[in-house]
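Here is the structure we will look at.
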Amino acid sequence: MITDEWNGLGVYETQDYTHWERQGYILRDGGSRSCDGVMASHADVVSKGDIAYIFYFTHPYFTNEHRLDKSYIANAEDGRACIQAVQLEVKDGRLVCNRNQQFEMRR
């Protein structure tokens, strides 16, 4: 299960859909692609065979510093959203992704 925790995306796993074990976060830190320099929000996963992609959006102008500054007054540009995607993988039993890694999306 992937949850939007407004501090990156939380990843959980379960064997019985009753007891969940936290694996940590993905997409918590910004990446290097255009408009991808801040944490990810509101994700959805699409799978195709044995490949899975996570689609998420960013607010590239609403930085972590803005988010943490309670006196900051957001402006219209802060609300701009960009859609991003990255391939998901399971490594050593954990769900991971590298938002800076290039990939080819299968149809």
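Chain labels run A, B, ... following the order of the structure tokens; each chain numbers its residues from 1, and ligands are numbered from 1 in the order shown.
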
Give me, as a Markdown table, each residue of stretch 46-65 of chain A that comes within 12 Å of stretch 19-34 of chain A, together with its shortest interatomic pair and the distance in Å at one decimal, counting only C-alpha atoms, with rows ordered by chain and rising residue number.
| residue | atom | partner | partner_atom | distance |
| --- | --- | --- | --- | --- |
| A:Ile54 | CA | A:Leu27 | CA | 10.0 |
| A:Phe55 | CA | A:Leu27 | CA | 10.9 |
| A:Tyr56 | CA | A:Leu27 | CA | 9.2 |
| A:Phe57 | CA | A:Leu27 | CA | 10.6 |
| A:Thr58 | CA | A:Gly30 | CA | 9.3 |
| A:His59 | CA | A:Gly30 | CA | 10.8 |
| A:Pro60 | CA | A:Ser34 | CA | 8.7 |
| A:Tyr61 | CA | A:Ser34 | CA | 11.5 |
| A:Phe62 | CA | A:Gly30 | CA | 11.9 |
| A:Thr63 | CA | A:Gly30 | CA | 9.6 |
| A:Asn64 | CA | A:Gly30 | CA | 9.6 |

Once you have the residues from the selection above, write them out as a PDB file, in the first residue's frame, restricted to N, CA and C atoms.
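Contents of selection30.pdb, freshly written:
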ATOM      1  N   ILE A  54       4.593   4.366 -11.032  1.00  0.00           N
ATOM      2  CA  ILE A  54       3.876   5.216 -10.097  1.00  0.00           C
ATOM      3  C   ILE A  54       3.790   6.608 -10.714  1.00  0.00           C
ATOM      4  N   PHE A  55       2.581   7.120 -10.811  1.00  0.00           N
ATOM      5  CA  PHE A  55       2.325   8.472 -11.305  1.00  0.00           C
ATOM      6  C   PHE A  55       2.056   9.339 -10.083  1.00  0.00           C
ATOM      7  N   TYR A  56       2.625  10.515 -10.063  1.00  0.00           N
ATOM      8  CA  TYR A  56       2.478  11.411  -8.924  1.00  0.00           C
ATOM      9  C   TYR A  56       2.547  12.842  -9.419  1.00  0.00           C
ATOM     10  N   PHE A  57       2.163  13.769  -8.568  1.00  0.00           N
ATOM     11  CA  PHE A  57       2.337  15.151  -8.987  1.00  0.00           C
ATOM     12  C   PHE A  57       3.211  15.884  -7.998  1.00  0.00           C
ATOM     13  N   THR A  58       3.768  16.968  -8.496  1.00  0.00           N
ATOM     14  CA  THR A  58       4.594  17.840  -7.666  1.00  0.00           C
ATOM     15  C   THR A  58       4.067  19.262  -7.784  1.00  0.00           C
ATOM     16  N   HIS A  59       4.356  20.052  -6.785  1.00  0.00           N
ATOM     17  CA  HIS A  59       4.170  21.504  -6.840  1.00  0.00           C
ATOM     18  C   HIS A  59       5.583  22.080  -6.887  1.00  0.00           C
ATOM     19  N   PRO A  60       6.155  22.239  -8.093  1.00  0.00           N
ATOM     20  CA  PRO A  60       7.579  22.577  -8.195  1.00  0.00           C
ATOM     21  C   PRO A  60       7.977  23.904  -7.575  1.00  0.00           C
ATOM     22  N   TYR A  61       7.045  24.827  -7.403  1.00  0.00           N
ATOM     23  CA  TYR A  61       7.392  26.132  -6.837  1.00  0.00           C
ATOM     24  C   TYR A  61       7.029  26.252  -5.364  1.00  0.00           C
ATOM     25  N   PHE A  62       6.364  25.250  -4.822  1.00  0.00           N
ATOM     26  CA  PHE A  62       6.031  25.228  -3.400  1.00  0.00           C
ATOM     27  C   PHE A  62       7.052  24.326  -2.719  1.00  0.00           C
ATOM     28  N   THR A  63       8.146  24.905  -2.293  1.00  0.00           N
ATOM     29  CA  THR A  63       9.281  24.148  -1.774  1.00  0.00           C
ATOM     30  C   THR A  63       9.035  23.655  -0.352  1.00  0.00           C
ATOM     31  N   ASN A  64       9.905  22.780   0.100  1.00  0.00           N
ATOM     32  CA  ASN A  64       9.823  22.278   1.464  1.00  0.00           C
ATOM     33  C   ASN A  64       9.973  23.420   2.472  1.00  0.00           C
TER      34      ASN A  64
END

Just how far from atom CA of A:Asn7 is atom CA of A:Cys97, in Å to one decimal?
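Those two atoms sit 16.3 Å apart.
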
Identify, on the basis of only C-alpha atoms, every residue whose closest approach to A:Leu95 does not exceed 8 Å; exclude the query and any residue fewer than 6 positions from it along the same chain; express the result as a VMD selection string.
chain A and resid 11 23 88 to 89

Mind dumping the selected residues with C-alpha atoms as a tab-separated table (two decimals), in the first residue's frame?
chain	number	residue	atom	x	y	z
A	11	VAL	CA	5.07	2.28	1.70
A	23	GLN	CA	8.71	-0.20	4.74
A	88	LEU	CA	8.62	0.88	-9.44
A	89	GLU	CA	10.79	-2.10	-8.55

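One distance worth recording is that between atom CA of A:His66 and atom CA of A:Ala40, which is 15.1 Å.
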
If you run DSSP on the backbone here, which positions in chain A get alpha helix (DSSP H)? Please write them as an NGL selection string.
:A and (64-68)

Go ahead and save the residues from that selection, with C-alpha atoms, as a short mmCIF file (atom, residue, chain, number, x, y, z; two decimals), in the first residue's frame.
data_model
loop_
_atom_site.label_atom_id
_atom_site.label_comp_id
_atom_site.auth_asym_id
_atom_site.auth_seq_id
_atom_site.Cartn_x
_atom_site.Cartn_y
_atom_site.Cartn_z
CA ASN A 64 9.82 22.28 1.46
CA GLU A 65 10.98 25.55 3.03
CA HIS A 66 7.64 27.15 2.10
CA ARG A 67 5.74 24.18 3.50
CA LEU A 68 7.55 24.36 6.84
#

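Between A:Ser41 and the residues A:Met105, A:Ile2, A:Val90, A:Ile73, the shortest atom-to-atom distance, using only C-alpha atoms, involves A:Ile2.
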
Could you give me the residues within stretch 42-89 of chain A that DSSP places in strand (DSSP E), as a list of chain:residue names?
A:His42, A:Ala43, A:Asp44, A:Val45, A:Val46, A:Ser47, A:Lys48, A:Ile51, A:Ala52, A:Tyr53, A:Ile54, A:Phe55, A:Tyr56, A:Phe57, A:Thr58, A:Cys82, A:Ile83, A:Gln84, A:Ala85, A:Val86, A:Gln87, A:Leu88, A:Glu89

Would you output that residue set with N, CA and C atoms, as an mmCIF file, in the first residue's frame?
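In the end it all went to part06.cif:
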data_model
loop_
_atom_site.group_PDB
_atom_site.id
_atom_site.type_symbol
_atom_site.label_atom_id
_atom_site.label_comp_id
_atom_site.auth_asym_id
_atom_site.auth_seq_id
_atom_site.Cartn_x
_atom_site.Cartn_y
_atom_site.Cartn_z
ATOM 1 N N HIS A 42 0.144 12.637 -3.889
ATOM 2 C CA HIS A 42 -1.068 12.062 -4.485
ATOM 3 C C HIS A 42 -0.768 11.091 -5.622
ATOM 4 N N ALA A 43 -0.200 9.971 -5.283
ATOM 5 C CA ALA A 43 0.252 9.005 -6.284
ATOM 6 C C ALA A 43 -0.811 7.974 -6.637
ATOM 7 N N ASP A 44 -0.611 7.358 -7.792
ATOM 8 C CA ASP A 44 -1.404 6.217 -8.227
ATOM 9 C C ASP A 44 -0.474 5.277 -8.970
ATOM 10 N N VAL A 45 -0.747 3.991 -8.896
ATOM 11 C CA VAL A 45 0.107 2.983 -9.520
ATOM 12 C C VAL A 45 -0.632 2.334 -10.676
ATOM 13 N N VAL A 46 0.084 2.147 -11.777
ATOM 14 C CA VAL A 46 -0.439 1.441 -12.944
ATOM 15 C C VAL A 46 0.527 0.301 -13.232
ATOM 16 N N SER A 47 -0.007 -0.913 -13.371
ATOM 17 C CA SER A 47 0.860 -2.049 -13.679
ATOM 18 C C SER A 47 0.513 -2.617 -15.044
ATOM 19 N N LYS A 48 1.530 -3.151 -15.693
ATOM 20 C CA LYS A 48 1.388 -3.778 -17.013
ATOM 21 C C LYS A 48 2.262 -5.023 -16.979
ATOM 22 N N ILE A 51 5.635 -5.139 -14.867
ATOM 23 C CA ILE A 51 6.164 -3.778 -14.726
ATOM 24 C C ILE A 51 5.106 -2.917 -14.031
ATOM 25 N N ALA A 52 5.555 -2.045 -13.135
ATOM 26 C CA ALA A 52 4.634 -1.108 -12.482
ATOM 27 C C ALA A 52 5.231 0.291 -12.521
ATOM 28 N N TYR A 53 4.365 1.262 -12.708
ATOM 29 C CA TYR A 53 4.756 2.671 -12.723
ATOM 30 C C TYR A 53 3.959 3.396 -11.651
ATOM 31 N N ILE A 54 4.593 4.366 -11.032
ATOM 32 C CA ILE A 54 3.876 5.216 -10.097
ATOM 33 C C ILE A 54 3.790 6.608 -10.714
ATOM 34 N N PHE A 55 2.581 7.120 -10.811
ATOM 35 C CA PHE A 55 2.325 8.472 -11.305
ATOM 36 C C PHE A 55 2.056 9.339 -10.083
ATOM 37 N N TYR A 56 2.625 10.515 -10.063
ATOM 38 C CA TYR A 56 2.478 11.411 -8.924
ATOM 39 C C TYR A 56 2.547 12.842 -9.419
ATOM 40 N N PHE A 57 2.163 13.769 -8.568
ATOM 41 C CA PHE A 57 2.337 15.151 -8.987
ATOM 42 C C PHE A 57 3.211 15.884 -7.998
ATOM 43 N N THR A 58 3.768 16.968 -8.496
ATOM 44 C CA THR A 58 4.594 17.840 -7.666
ATOM 45 C C THR A 58 4.067 19.262 -7.784
ATOM 46 N N CYS A 82 2.651 19.555 -11.606
ATOM 47 C CA CYS A 82 3.247 18.817 -12.723
ATOM 48 C C CYS A 82 3.079 17.327 -12.455
ATOM 49 N N ILE A 83 2.678 16.587 -13.480
ATOM 50 C CA ILE A 83 2.538 15.138 -13.367
ATOM 51 C C ILE A 83 3.871 14.490 -13.721
ATOM 52 N N GLN A 84 4.280 13.536 -12.917
ATOM 53 C CA GLN A 84 5.527 12.802 -13.121
ATOM 54 C C GLN A 84 5.224 11.305 -13.071
ATOM 55 N N ALA A 85 6.143 10.505 -13.569
ATOM 56 C CA ALA A 85 6.021 9.047 -13.490
ATOM 57 C C ALA A 85 7.407 8.447 -13.335
ATOM 58 N N VAL A 86 7.457 7.311 -12.680
ATOM 59 C CA VAL A 86 8.711 6.576 -12.516
ATOM 60 C C VAL A 86 8.369 5.093 -12.392
ATOM 61 N N GLN A 87 9.297 4.257 -12.772
ATOM 62 C CA GLN A 87 9.090 2.819 -12.686
ATOM 63 C C GLN A 87 9.347 2.341 -11.259
ATOM 64 N N LEU A 88 8.459 1.484 -10.764
ATOM 65 C CA LEU A 88 8.622 0.876 -9.441
ATOM 66 C C LEU A 88 9.338 -0.462 -9.579
ATOM 67 N N GLU A 89 10.098 -0.822 -8.565
ATOM 68 C CA GLU A 89 10.786 -2.105 -8.547
ATOM 69 C C GLU A 89 10.753 -2.662 -7.130
#

For A:Glu13, the nearest of the candidates A:Arg94, A:Arg80, A:Arg107, A:Lys70, counting only C-alpha atoms
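So, comparing all the options, the nearest one is A:Arg94.
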